[in-house]
$ cat model03.txt   # compact mmCIF, C-alpha atoms
# COMPACT_ATOMS: atom_id res chain seq x y z
CA MET A 1 109.74 98.93 115.25
CA PHE A 2 111.61 96.06 116.86
CA HIS A 3 113.10 98.35 119.36
CA ASN A 4 114.77 96.26 121.94
CA ASP A 5 117.17 97.83 124.33
CA ILE A 6 118.10 94.87 126.47
CA TRP A 7 121.23 94.04 124.55
CA ASP A 8 122.07 97.63 123.96
CA THR A 9 124.78 98.33 126.45
CA SER A 10 125.73 101.69 125.05
CA GLU A 11 126.48 104.21 127.73
CA THR A 12 123.62 106.51 126.79
CA LEU A 13 121.11 103.83 127.67
CA ILE A 14 122.73 103.02 130.95
CA GLU A 15 123.10 106.66 131.71
CA ALA A 16 119.42 107.21 131.07
CA GLU A 17 118.44 104.35 133.33
CA TYR A 18 120.85 104.84 136.15
CA GLY A 19 122.10 108.35 135.75
CA GLN A 20 125.67 107.16 135.56
CA THR A 21 128.01 105.70 133.03
CA ARG A 22 129.58 102.30 133.07
CA HIS A 23 132.20 102.48 135.72
CA CYS A 24 135.56 100.99 135.07
CA ASP A 25 138.83 102.24 136.45
CA ILE A 26 142.49 101.36 136.65
CA VAL A 27 143.96 101.02 140.11
CA LEU A 28 147.65 100.84 140.89
CA ALA A 29 149.26 99.98 144.22
CA GLU A 30 153.03 100.32 144.35
CA SER A 31 155.19 101.58 147.20
CA ASP A 32 158.31 102.36 145.20
CA GLU A 33 157.81 105.92 144.03
CA ALA A 34 159.91 105.82 140.88
CA GLU A 35 158.33 102.56 139.79
CA ARG A 36 154.85 103.89 140.55
CA ARG A 37 155.37 107.02 138.47
CA ARG A 38 156.76 105.10 135.55
CA LEU A 39 153.93 102.56 135.55
CA PHE A 40 151.37 105.31 135.97
CA GLY A 41 152.77 106.98 132.85
CA TYR A 42 152.50 103.76 130.84
CA LEU A 43 148.95 103.14 131.99
CA VAL A 44 147.77 106.67 131.27
CA ASP A 45 149.26 106.42 127.79
CA ALA A 46 147.72 103.02 127.14
CA VAL A 47 144.13 103.67 128.11
CA ASP A 48 141.69 106.50 128.17
CA LEU A 49 140.47 105.79 131.68
CA PRO A 50 141.13 107.24 135.10
CA VAL A 51 144.20 105.69 136.74
CA ARG A 52 144.27 105.83 140.52
CA CYS A 53 147.54 105.38 142.35
CA PHE A 54 148.06 104.21 145.90
CA LYS A 55 151.39 104.06 147.63
CA ASN A 56 150.46 101.39 150.14
CA ARG A 57 147.76 99.13 151.47
CA ALA A 58 146.48 101.61 154.06
CA GLU A 59 145.88 104.29 151.44
CA LEU A 60 143.94 101.93 149.25
CA VAL A 61 141.89 100.50 152.09
CA GLU A 62 140.84 104.02 153.01
CA ALA A 63 139.49 104.56 149.49
CA ALA A 64 137.96 101.09 149.29
CA ASN A 65 134.40 102.37 149.21
CA ASP A 66 135.01 103.95 145.81
CA LEU A 67 136.14 100.71 144.25
CA SER A 68 133.79 99.14 141.74
CA ASN A 69 135.12 97.40 138.64
CA GLY A 70 138.27 97.59 136.63
CA VAL A 71 141.85 96.50 136.46
CA PHE A 72 144.11 96.35 139.49
CA PHE A 73 147.89 96.41 139.18
CA CYS A 74 149.51 95.50 142.46
CA ALA A 75 153.13 95.17 143.50
CA GLU A 76 154.08 91.92 145.18
CA ARG A 77 155.45 93.74 148.19
CA LEU A 78 153.99 96.93 149.55
CA SER A 79 155.57 98.95 152.35
CA ASP A 80 152.80 97.85 154.70
CA GLY A 81 151.72 94.46 153.44
CA ASP A 82 151.58 91.65 150.98
CA GLY A 83 150.35 92.38 147.45
CA LEU A 84 148.45 89.14 146.99
CA ASP A 85 146.56 89.68 150.23
CA LEU A 86 145.55 93.08 148.93
CA ILE A 87 144.47 91.60 145.58
CA ALA A 88 142.28 89.17 147.49
CA SER A 89 140.60 91.93 149.50
CA VAL A 90 140.08 94.15 146.46
CA ALA A 91 138.38 91.21 144.75
CA GLU A 92 135.81 91.25 147.53
CA ARG A 93 135.03 94.89 146.82
CA GLY A 94 134.23 94.63 143.17
CA HIS A 95 135.11 92.91 139.96
CA TYR A 96 138.76 93.60 139.35
CA GLU A 97 141.01 91.86 136.88
CA SER A 98 144.27 91.84 138.81
CA VAL A 99 147.82 91.91 137.63
CA LEU A 100 150.59 91.04 140.05
CA ILE A 101 153.86 92.90 139.64
CA SER A 102 156.40 90.36 140.78
CA GLU A 103 159.65 91.34 142.38
CA THR A 104 161.05 88.08 143.67
CA GLU A 105 160.00 85.80 140.81
CA SER A 106 159.19 83.20 143.41
CA PHE A 107 157.52 79.96 142.39
CA ASP A 108 155.28 79.89 145.45
CA THR A 109 154.05 83.43 144.89
CA ALA A 110 153.20 82.66 141.27
CA VAL A 111 151.23 79.58 142.36
CA ARG A 112 149.36 81.64 144.92
CA ALA A 113 148.61 84.26 142.27
CA LEU A 114 147.29 81.61 139.91
CA ARG A 115 145.00 80.21 142.60
CA LEU A 116 143.71 83.69 143.38
CA GLY A 117 142.70 83.95 139.73
CA VAL A 118 144.91 86.87 138.74
CA THR A 119 144.78 87.82 135.08
CA ASP A 120 148.52 88.02 134.65
CA VAL A 121 151.86 88.30 136.40
CA ILE A 122 154.50 90.69 135.16
CA THR A 123 158.01 91.17 136.46
CA LYS A 124 159.91 94.22 137.58
CA PRO A 125 161.30 96.31 136.03
CA VAL A 126 158.09 96.65 134.07
CA SER A 127 158.43 97.96 130.54
CA ARG A 128 155.91 99.72 128.35
CA ASP A 129 155.72 96.62 126.16
CA ASP A 130 154.80 94.50 129.16
CA VAL A 131 151.96 96.77 130.14
CA GLU A 132 150.11 97.33 126.89
CA PRO A 133 149.00 93.79 126.01
CA VAL A 134 148.21 93.04 129.64
CA ILE A 135 146.00 96.07 130.14
CA GLU A 136 144.28 95.43 126.85
CA MET A 137 143.37 91.87 127.73
CA ALA A 138 142.38 92.71 131.28
CA LEU A 139 140.11 95.52 130.10
CA ARG A 140 138.49 93.33 127.50
CA ARG A 141 137.66 90.72 130.13
CA CYS A 142 136.49 93.33 132.54
CA THR A 143 134.13 95.14 130.18
CA LYS A 144 132.67 91.82 129.10
CA TRP A 145 131.95 91.01 132.70
CA ILE A 146 130.51 94.47 133.34
CA ASP A 147 128.23 94.23 130.32
CA ARG A 148 126.85 90.90 131.42
CA ASN A 149 126.45 91.98 134.96
CA GLN A 150 124.80 95.23 133.99
CA ARG A 151 122.23 93.48 131.83
CA HIS A 152 121.42 91.23 134.74
CA GLU A 153 121.20 94.10 137.22
CA GLN A 154 119.12 96.16 134.86
CA ALA A 155 116.64 93.34 134.33
CA LEU A 156 116.49 92.70 138.07
CA GLY A 157 115.82 96.36 138.69
CA ARG A 158 112.88 96.34 136.33
CA ILE A 159 111.47 93.07 137.64
CA ARG A 160 111.87 94.09 141.27
CA GLN A 161 109.18 96.76 141.08
CA LEU A 162 106.51 94.14 140.55
CA THR A 163 104.05 92.82 143.11
CA PRO A 164 104.26 89.11 144.00
CA ARG A 165 101.15 88.48 141.92
CA GLU A 166 102.67 90.21 138.91
CA LEU A 167 105.87 88.25 139.38
CA GLU A 168 103.90 85.06 139.26
CA LEU A 169 102.30 86.26 136.05
CA VAL A 170 105.74 86.95 134.55
CA ASN A 171 106.87 83.47 135.49
CA MET A 172 103.83 81.89 133.90
CA LEU A 173 104.26 83.90 130.71
CA ALA A 174 107.96 83.10 130.58
CA GLY A 175 107.04 79.47 131.12
CA GLY A 176 104.99 79.61 127.95
CA ALA A 177 101.48 80.01 129.38
CA SER A 178 98.89 81.84 127.30
CA ASN A 179 96.40 84.38 128.66
CA LYS A 180 93.77 81.68 128.50
CA ASP A 181 95.92 79.22 130.49
CA ILE A 182 96.49 81.84 133.15
CA ALA A 183 92.82 82.83 133.32
CA ARG A 184 91.90 79.21 133.88
CA SER A 185 94.58 78.61 136.46
CA TRP A 186 93.74 81.74 138.44
CA ASP A 187 90.03 81.40 137.86
CA ILE A 188 89.64 84.92 136.51
CA SER A 189 88.53 86.22 133.13
CA VAL A 190 90.89 86.50 130.18
CA ARG A 191 90.03 90.19 130.17
CA THR A 192 91.44 90.56 133.71
CA VAL A 193 94.60 88.71 132.73
CA GLU A 194 94.99 91.12 129.82
CA ASN A 195 94.68 94.04 132.24
CA HIS A 196 97.27 92.59 134.59
CA ARG A 197 99.52 91.95 131.64
CA ALA A 198 99.18 95.50 130.34
CA ASN A 199 100.14 96.84 133.78
CA LEU A 200 103.08 94.53 133.86
CA MET A 201 104.35 95.71 130.51
CA ARG A 202 103.99 99.33 131.55
CA LYS A 203 105.79 98.82 134.85
CA THR A 204 108.71 96.93 133.36
CA GLY A 205 108.87 99.04 130.24
CA ALA A 206 108.80 95.92 128.10
CA GLY A 207 107.61 96.65 124.59
CA SER A 208 106.55 93.13 123.78
CA LEU A 209 105.97 89.74 125.31
CA ALA A 210 109.34 88.63 123.93
CA GLU A 211 111.06 91.45 125.73
CA LEU A 212 109.26 90.65 128.97
CA ILE A 213 110.45 87.05 128.68
CA GLN A 214 113.98 88.27 128.01
CA LEU A 215 113.82 90.34 131.16
CA ALA A 216 112.64 87.38 133.20
CA ILE A 217 115.45 85.21 131.84
CA LEU A 218 118.10 87.88 132.36
CA ALA A 219 116.98 88.49 135.91
CA ALA A 220 117.26 84.82 136.86
CA PRO A 221 118.93 82.80 134.09
CA GLU A 222 119.44 79.78 136.32
CA ASP A 223 115.67 79.38 136.66
CA PHE A 224 115.35 78.92 132.94
CA PHE A 225 118.42 77.02 131.89
CA ILE A 226 119.77 74.98 134.75
CA MET B 1 142.32 49.74 122.92
CA MET B 2 140.02 51.29 125.51
CA THR B 3 137.79 48.79 127.23
CA GLY B 4 135.66 51.19 129.19
CA LEU B 5 137.39 50.01 132.30
CA PRO B 6 139.89 52.18 134.04
CA ILE B 7 143.32 51.32 132.82
CA LEU B 8 146.84 51.84 133.88
CA ASP B 9 149.50 52.16 131.24
CA GLY B 10 147.11 51.00 128.61
CA SER B 11 146.78 47.46 129.93
CA SER B 12 146.61 46.71 133.63
CA ALA B 13 143.31 47.62 135.20
CA GLY B 14 143.20 49.98 138.15
CA ALA B 15 140.53 50.53 140.75
CA LEU B 16 137.06 50.20 139.35
CA ALA B 17 134.87 52.94 140.65
CA SER B 18 131.80 51.81 142.51
CA SER B 19 130.25 55.22 142.19
CA ILE B 20 131.57 57.26 139.34
CA GLN B 21 131.58 60.96 140.00
CA PHE B 22 130.75 63.41 137.29
CA GLU B 23 134.36 64.14 136.59
CA SER B 24 136.78 61.77 135.01
CA ILE B 25 140.40 62.01 135.97
CA CYS B 26 143.20 61.57 133.50
CA VAL B 27 146.93 61.62 133.98
CA ILE B 28 149.11 62.40 131.02
CA ASP B 29 152.77 61.93 131.71
CA ALA B 30 155.60 60.36 129.75
CA ASP B 31 157.37 59.35 132.94
CA ALA B 32 156.10 55.91 134.01
CA GLU B 33 157.23 56.31 137.59
CA ARG B 34 155.40 59.59 138.09
CA ARG B 35 152.37 58.33 136.25
CA ARG B 36 152.12 55.30 138.52
CA HIS B 37 152.64 57.42 141.61
CA ALA B 38 149.90 59.88 140.62
CA PHE B 39 147.60 57.02 139.70
CA THR B 40 148.08 55.34 143.07
CA ILE B 41 147.27 58.45 145.07
CA LEU B 42 144.37 59.55 142.88
CA SER B 43 142.62 56.21 142.75
CA ALA B 44 143.08 55.60 146.47
CA MET B 45 141.72 59.03 147.34
CA ALA B 46 138.14 58.36 146.36
CA ASN B 47 136.15 56.08 144.16
CA ARG B 48 137.20 57.55 140.91
CA VAL B 49 138.10 56.23 137.52
CA VAL B 50 141.62 57.32 136.79
CA ARG B 51 143.03 56.89 133.32
CA CYS B 52 146.69 57.18 132.54
CA PHE B 53 148.23 58.08 129.24
CA ASN B 54 151.75 58.11 128.06
CA CYS B 55 151.28 60.96 125.62
CA VAL B 56 148.70 63.39 124.31
CA SER B 57 147.89 61.37 121.19
CA ASP B 58 146.93 58.32 123.28
CA PHE B 59 144.70 60.61 125.30
CA ALA B 60 143.17 62.05 122.12
CA GLU B 61 142.20 58.55 120.95
CA SER B 62 140.17 57.96 124.09
CA LEU B 63 138.69 61.41 124.29
CA SER B 64 135.24 60.35 123.09
CA GLU B 65 134.87 58.20 126.21
CA ILE B 66 135.84 60.96 128.58
CA ASP B 67 133.31 63.48 129.79
CA SER B 68 134.17 66.61 131.61
CA GLY B 69 136.90 66.28 134.14
CA ILE B 70 140.37 66.98 135.36
CA ILE B 71 143.53 66.33 133.43
CA PHE B 72 146.78 66.08 135.34
CA VAL B 73 149.89 66.73 133.31
CA GLY B 74 153.42 66.03 134.36
CA GLY B 75 156.77 66.52 132.70
CA SER B 76 159.79 68.74 132.79
CA ASP B 77 158.87 70.87 129.77
CA ILE B 78 155.20 71.16 130.44
CA MET B 79 153.88 74.00 128.28
CA PRO B 80 154.07 72.30 124.87
CA ILE B 81 152.12 69.38 126.34
CA VAL B 82 149.49 71.70 127.81
CA LEU B 83 149.06 73.44 124.45
CA ASP B 84 148.73 70.07 122.68
CA ILE B 85 146.05 69.01 125.12
CA GLN B 86 144.17 72.24 124.63
CA ALA B 87 144.33 71.78 120.88
CA VAL B 88 142.87 68.28 121.28
CA LEU B 89 140.13 69.61 123.54
CA LYS B 90 139.45 72.46 121.10
CA SER B 91 139.61 74.64 124.21
CA GLU B 92 136.38 73.24 125.56
CA PRO B 93 136.36 74.84 128.98
CA ARG B 94 134.77 71.88 130.73
CA TYR B 95 138.11 70.32 131.43
CA ALA B 96 140.48 71.64 134.02
CA ILE B 97 144.16 71.10 133.51
CA ILE B 98 146.31 70.73 136.60
CA VAL B 99 150.06 70.71 136.16
CA PHE B 100 152.61 68.77 138.18
CA ALA B 101 155.58 71.09 138.28
CA CYS B 102 158.75 69.04 138.56
CA GLU B 103 161.03 72.02 138.39
CA HIS B 104 159.73 74.72 140.62
CA ARG B 105 160.18 77.53 138.17
CA PHE B 106 158.41 80.88 138.33
CA SER B 107 158.27 81.25 134.55
CA CYS B 108 156.58 77.89 134.19
CA VAL B 109 153.76 78.94 136.52
CA VAL B 110 153.29 82.25 134.72
CA SER B 111 153.03 80.48 131.34
CA ALA B 112 150.58 78.01 132.85
CA LEU B 113 148.50 80.87 134.24
CA ARG B 114 148.39 82.57 130.85
CA ALA B 115 147.37 79.33 129.15
CA GLY B 116 144.43 78.99 131.52
CA VAL B 117 145.76 76.08 133.57
CA ALA B 118 143.56 75.59 136.63
CA ASP B 119 146.26 74.77 139.14
CA VAL B 120 149.95 74.04 139.51
CA LEU B 121 151.12 71.50 142.07
CA PRO B 122 154.77 71.16 142.98
CA TRP B 123 155.93 67.58 142.41
CA PRO B 124 156.23 65.35 144.42
CA VAL B 125 152.71 65.89 145.56
CA ALA B 126 150.99 64.73 148.74
CA GLU B 127 147.49 63.35 148.93
CA ASP B 128 146.02 66.31 150.82
CA GLN B 129 147.42 68.75 148.26
CA LEU B 130 145.82 66.78 145.47
CA GLU B 131 142.50 66.65 147.25
CA ALA B 132 142.58 70.38 147.97
CA SER B 133 143.41 71.11 144.36
CA ILE B 134 140.54 69.00 143.09
CA SER B 135 138.06 70.73 145.39
CA ARG B 136 139.36 74.10 144.27
CA VAL B 137 138.77 73.43 140.58
CA ARG B 138 135.57 71.43 140.92
CA PRO B 139 133.08 74.36 141.00
CA THR B 140 134.64 75.78 137.85
CA ILE B 141 134.32 72.50 136.03
CA SER B 142 130.73 71.88 137.01
CA GLN B 143 129.79 75.41 135.98
CA ALA B 144 131.60 75.00 132.68
CA GLU B 145 129.92 71.66 132.16
CA LYS B 146 126.47 73.17 132.68
CA ASN B 147 127.21 76.02 130.31
CA TRP B 148 128.52 73.57 127.77
CA GLN B 149 125.38 71.48 127.93
CA ILE B 150 123.16 74.51 127.49
CA ARG B 151 125.25 75.60 124.52
CA GLN B 152 125.26 72.13 122.99
CA ASN B 153 121.55 71.86 123.38
CA ALA B 154 120.99 75.25 121.78
CA SER B 155 123.39 74.74 118.90
CA GLU B 156 121.88 71.37 118.12
CA LYS B 157 118.52 73.04 117.67
CA LEU B 158 119.90 76.07 115.87
CA GLY B 159 121.80 73.77 113.51
CA LYS B 160 118.55 72.38 112.18
CA LEU B 161 117.36 75.77 110.98
CA SER B 162 117.65 77.28 107.54
CA ARG B 163 118.99 80.81 107.21
CA ARG B 164 115.48 82.15 106.82
CA GLU B 165 114.34 80.36 109.94
CA THR B 166 117.31 81.64 111.89
CA GLU B 167 116.40 85.16 110.89
CA LEU B 168 112.80 84.53 111.88
CA LEU B 169 113.92 83.21 115.25
CA ARG B 170 115.94 86.33 115.83
CA LEU B 171 113.13 88.68 114.88
CA LEU B 172 110.54 86.86 116.98
CA SER B 173 112.84 86.70 119.97
CA GLU B 174 113.34 90.45 119.73
CA GLY B 175 109.63 91.09 119.93
CA ALA B 176 108.57 91.36 116.30
CA ALA B 177 104.94 90.46 115.61
CA ASN B 178 104.08 88.35 112.58
CA LYS B 179 103.04 91.52 110.78
CA ASP B 180 106.42 93.14 111.47
CA VAL B 181 108.24 90.09 110.18
CA ALA B 182 106.11 90.06 107.03
CA ASN B 183 106.98 93.70 106.34
CA LYS B 184 110.62 93.21 107.06
CA LEU B 185 111.05 90.11 104.93
CA GLY B 186 108.63 91.22 102.21
CA ILE B 187 106.34 88.22 102.52
CA SER B 188 102.71 87.80 103.50
CA VAL B 189 101.56 87.40 107.10
CA ARG B 190 100.14 84.03 106.15
CA THR B 191 103.57 82.87 104.94
CA VAL B 192 105.14 84.09 108.18
CA GLU B 193 102.60 82.01 110.10
CA VAL B 194 103.56 78.95 108.10
CA HIS B 195 107.28 79.58 108.63
CA ARG B 196 106.69 80.20 112.30
CA ALA B 197 104.79 76.96 112.76
CA ARG B 198 107.55 75.05 110.99
CA LEU B 199 110.24 76.79 113.06
CA MET B 200 108.49 75.91 116.31
CA ASN B 201 108.09 72.38 115.18
CA ARG B 202 111.76 72.04 114.30
CA ILE B 203 113.07 73.33 117.57
CA GLY B 204 110.36 71.63 119.60
CA ALA B 205 109.03 74.96 120.87
CA SER B 206 105.51 75.19 122.23
CA SER B 207 105.43 78.92 122.83
CA LEU B 208 107.18 82.20 122.15
CA ALA B 209 108.96 81.70 125.47
CA ASP B 210 110.83 78.72 124.04
CA ILE B 211 111.89 80.78 121.03
CA VAL B 212 113.23 83.58 123.22
CA LYS B 213 114.98 81.11 125.46
CA LEU B 214 116.76 79.45 122.57
CA ALA B 215 117.82 82.79 121.13
CA MET B 216 119.24 83.80 124.50
CA ALA B 217 121.06 80.59 125.36
CA ASP B 218 124.10 81.40 123.34
CA ARG B 219 124.30 84.98 124.48
CA LEU B 220 124.10 84.05 128.10
CA TYR B 221 126.15 80.90 128.07
CA GLY B 222 128.49 81.56 125.20
CA ARG B 223 132.15 81.28 125.99
CA PHE B 224 133.84 84.15 127.62

$ encode --input "model03.txt" --output "structure tokens"
Amino acid sequence: MFHNDIWDTSETLIEAEYGQTRHCDIVLAESDEAERRRLFGYLVDAVDLPVRCFKNRAELVEAANDLSNGVFFCAERLSDGDGLDLIASVAERGHYESVLISETESFDTAVRALRLGVTDVITKPVSRDDVEPVIEMALRRCTKWIDRNQRHEQALGRIRQLTPRELELVNMLAGGASNKDIARSWDISVRTVENHRANLMRKTGAGSLAELIQLAILAAPEDFFI
Amino acid sequence: MMTGLPILDGSSAGALASSIQFESICVIDADAERRRHAFTILSAMANRVVRCFNCVSDFAESLSEIDSGIIFVGGSDIMPIVLDIQAVLKSEPRYAIIVFACEHRFSCVVSALRAGVADVLPWPVAEDQLEASISRVRPTISQAEKNWQIRQNASEKLGKLSRRETELLRLLSEGAANKDVANKLGISVRTVEVHRARLMNRIGASSLADIVKLAMADRLYGRF
């Protein structure tokens, strides 16, 4: 009866709306083969998600179009570049919680990592015990971000199909206007407003006025709160 | 002890800001020399009120007078101080902590990063480094401050509600009609109307939109 799917971020819903599941992956960039294999093993054991390995910057850059959201483990030094530079460019591609694998334990590198907003820094040789809590926290942060972002995107997607006139109607309704207020302001009959409103609900798939208002807020929260 | 004027070492007044920016700046450091040095650079940099404290408990006493802002912390064993400050702030995220690292140790930076410190500056620090650091953390603070205000506002209103009214708010914000609420709570539609009118009155809502907005404030601007 009070069916309201906006907060329902279960994968079935998202799948139904977008034909795909929530995408979150683990990415690893490490040039040292033995280290890469070991870390890959730990990661695969720790989480039930795809883990993608890259042996250097060039390999990862080539696959950059597939990047979306997830956790990125990156060695401080790659055979063809600097790890923190790579973390910075991956951050431009999607939302990644990054973990720097430090080799030198240098103060300056750690400060740079902090300023880049990395989730954590771990030191070589990395042990299984290092990896588990880090991946757990990084994934928690990442899924939280994805959930929020997805709600926003989903609301935007539904709102975007509207005509400018309908958008204005949504804004008035979300601003607390009644059908009568709108009829007066647009100089049309209440009956016509009701028609517009019914169309609006059908187009956005909102089951109630409350849900329509939720959509409007989710699509542009800063218009309502800030 | 606090006079509302910027103070140095609890007594001598520092530069009085002609235009106070939204952020207050505090320095917490047990070392008087470093404290004075930081104070001099920070207060010369811009028209800002800079407050210095010898220890975290002095800072805690003045906390009610300090809005959102930046807290600089110096010392050789910095992490216990940072954790004390965070306990005092009850991890309100509208403060950014910036650490002066006297010993340039890797492990110190990693602990700071894990504790959510906004920046680490190697001591001794130059004016341009301080300025750059402040500009780096400023967007985060102003965002956190906005979120905090929205949350405060919402929780103030929500705090006035009885359990029944809170439940009603939730149901209405999820799209339930008065009839649905009546069925769900086993009361008459007329009673729901009365409750609804009282609820709207209490939270100062003039429409369903205000109810939905209040219900969503916490979900959207709750802490990460």

$ closest_residue --input "model03.txt" --among "B:Ser76, B:Asn201, B:Ser162, B:Ser173" --to "chain A" --atoms "only C-alpha atoms"
B:Ser173

$ closest_atom_pairs --input "model03.txt" --of "chain A" --to "chain B" --cutoff "7 Å" --atoms "only C-alpha atoms" --output "tab-separated table"
residue	atom	partner	partner_atom	distance
A:Phe2	CA	B:Ala176	CA	5.6
A:Asn4	CA	B:Glu174	CA	6.4
A:Glu105	CA	B:Phe106	CA	5.7
A:Ser106	CA	B:Phe106	CA	5.6
A:Phe107	CA	B:Phe106	CA	4.3
A:Ala110	CA	B:Val109	CA	6.1
A:Val111	CA	B:Val120	CA	6.4
A:Leu114	CA	B:Leu113	CA	5.8
A:Arg115	CA	B:Asp119	CA	6.6
A:Asp120	CA	B:Arg114	CA	6.6
A:Val121	CA	B:Val110	CA	6.4
A:Ala174	CA	B:Ala209	CA	5.4
A:Gly175	CA	B:Ala209	CA	6.4
A:Gly176	CA	B:Ala209	CA	5.1
A:Ser208	CA	B:Gly175	CA	5.3
A:Leu209	CA	B:Gly175	CA	6.6
A:Ala210	CA	B:Gly175	CA	4.7
A:Glu211	CA	B:Gly175	CA	6.0
A:Ile213	CA	B:Ala209	CA	6.4
A:Gln214	CA	B:Val212	CA	6.7
A:Phe225	CA	B:Ile150	CA	6.9

$ closest_residue --input "model03.txt" --among "B:Ile85, B:Val73, B:Ala132, B:Ala44" --to "Val56 in chain B" --atoms "only C-alpha atoms"
B:Ile85

$ atom_distance --input "model03.txt" --atom1 "CA of Leu156 in chain A" --atom2 "CA of Ala144 in chain B"
23.9 Å

$ atom_distance --input "model03.txt" --atom1 "CA of Gly157 in chain A" --atom2 "CA of Ala220 in chain A"
11.8 Å

$ atom_distance --input "model03.txt" --atom1 "CA of Arg94 in chain B" --atom2 "CA of Arg141 in chain A"
19.1 Å

$ closest_residue --input "model03.txt" --among "B:Asp128, B:Phe100, B:Arg198, B:Gln86" --to "Asp31 in chain B" --atoms "only C-alpha atoms"
B:Phe100

$ residues_around --input "model03.txt" --residues "Ala58 in chain A" --least-positions-apart "3" --cutoff "8 Å" --atoms "all atoms listed in the file" --output "list in words"
Val61, Glu62 and Asp80 of chain A

$ residues_around --input "model03.txt" --residues "Ala91 in chain A" --least-positions-apart "4" --cutoff "10 Å" --atoms "all atoms listed in the file" --output "PyMOL selection string"
chain A and resi 67-69+72+85-87+95-98+116-118

$ closest_residue --input "model03.txt" --among "B:Asp29, B:Ile98, B:Asp84, B:Asp58" --to "Ile71 in chain B" --atoms "all atoms listed in the file"
B:Ile98

$ residues_around --input "model03.txt" --residues "Asn199 in chain A" --least-positions-apart "6" --cutoff "12 Å" --atoms "all atoms listed in the file" --output "compact mmCIF listing (two decimals) with C-alpha atoms, in the coordinates of the input"
# COMPACT_ATOMS: atom_id res chain seq x y z
CA GLN A 161 109.18 96.76 141.08
CA LEU A 162 106.51 94.14 140.55
CA THR A 163 104.05 92.82 143.11
CA ARG A 165 101.15 88.48 141.92
CA GLU A 166 102.67 90.21 138.91
CA LEU A 167 105.87 88.25 139.38
CA LEU A 169 102.30 86.26 136.05
CA VAL A 170 105.74 86.95 134.55
CA THR A 192 91.44 90.56 133.71
CA VAL A 193 94.60 88.71 132.73
CA GLY A 205 108.87 99.04 130.24
CA ALA A 206 108.80 95.92 128.10
CA GLY A 207 107.61 96.65 124.59

$ residues_around --input "model03.txt" --residues "Ile135 in chain A" --least-positions-apart "2" --cutoff "10 Å" --atoms "only C-alpha atoms" --output "ChimeraX atom specification"
/A:26,43,46-47,71-73,97-99,119-120,130-133,137-141

$ closest_residue --input "model03.txt" --among "B:Thr191, B:Ala154, B:Val99, B:Leu89" --to "Leu130 in chain B" --atoms "all atoms listed in the file"
B:Val99

$ residues_around --input "model03.txt" --residues "Val27 in chain B" --least-positions-apart "5" --cutoff "8 Å" --atoms "all atoms listed in the file" --output "list of chain:residue names"
B:Arg35, B:Ala38, B:Phe39, B:Val50, B:Arg51, B:Cys52, B:Phe53, B:Ile71, B:Phe72, B:Val73, B:Gly74

$ write_last_selection --input "model03.txt" --atoms "C-alpha atoms" --output "PDB file, keeping the file's coordinate frame"
ATOM      1  CA  ARG B  35     152.370  58.330 136.250  1.00  0.00           C
ATOM      2  CA  ALA B  38     149.900  59.880 140.620  1.00  0.00           C
ATOM      3  CA  PHE B  39     147.600  57.020 139.700  1.00  0.00           C
ATOM      4  CA  VAL B  50     141.620  57.320 136.790  1.00  0.00           C
ATOM      5  CA  ARG B  51     143.030  56.890 133.320  1.00  0.00           C
ATOM      6  CA  CYS B  52     146.690  57.180 132.540  1.00  0.00           C
ATOM      7  CA  PHE B  53     148.230  58.080 129.240  1.00  0.00           C
ATOM      8  CA  ILE B  71     143.530  66.330 133.430  1.00  0.00           C
ATOM      9  CA  PHE B  72     146.780  66.080 135.340  1.00  0.00           C
ATOM     10  CA  VAL B  73     149.890  66.730 133.310  1.00  0.00           C
ATOM     11  CA  GLY B  74     153.420  66.030 134.360  1.00  0.00           C
TER      12      GLY B  74
END
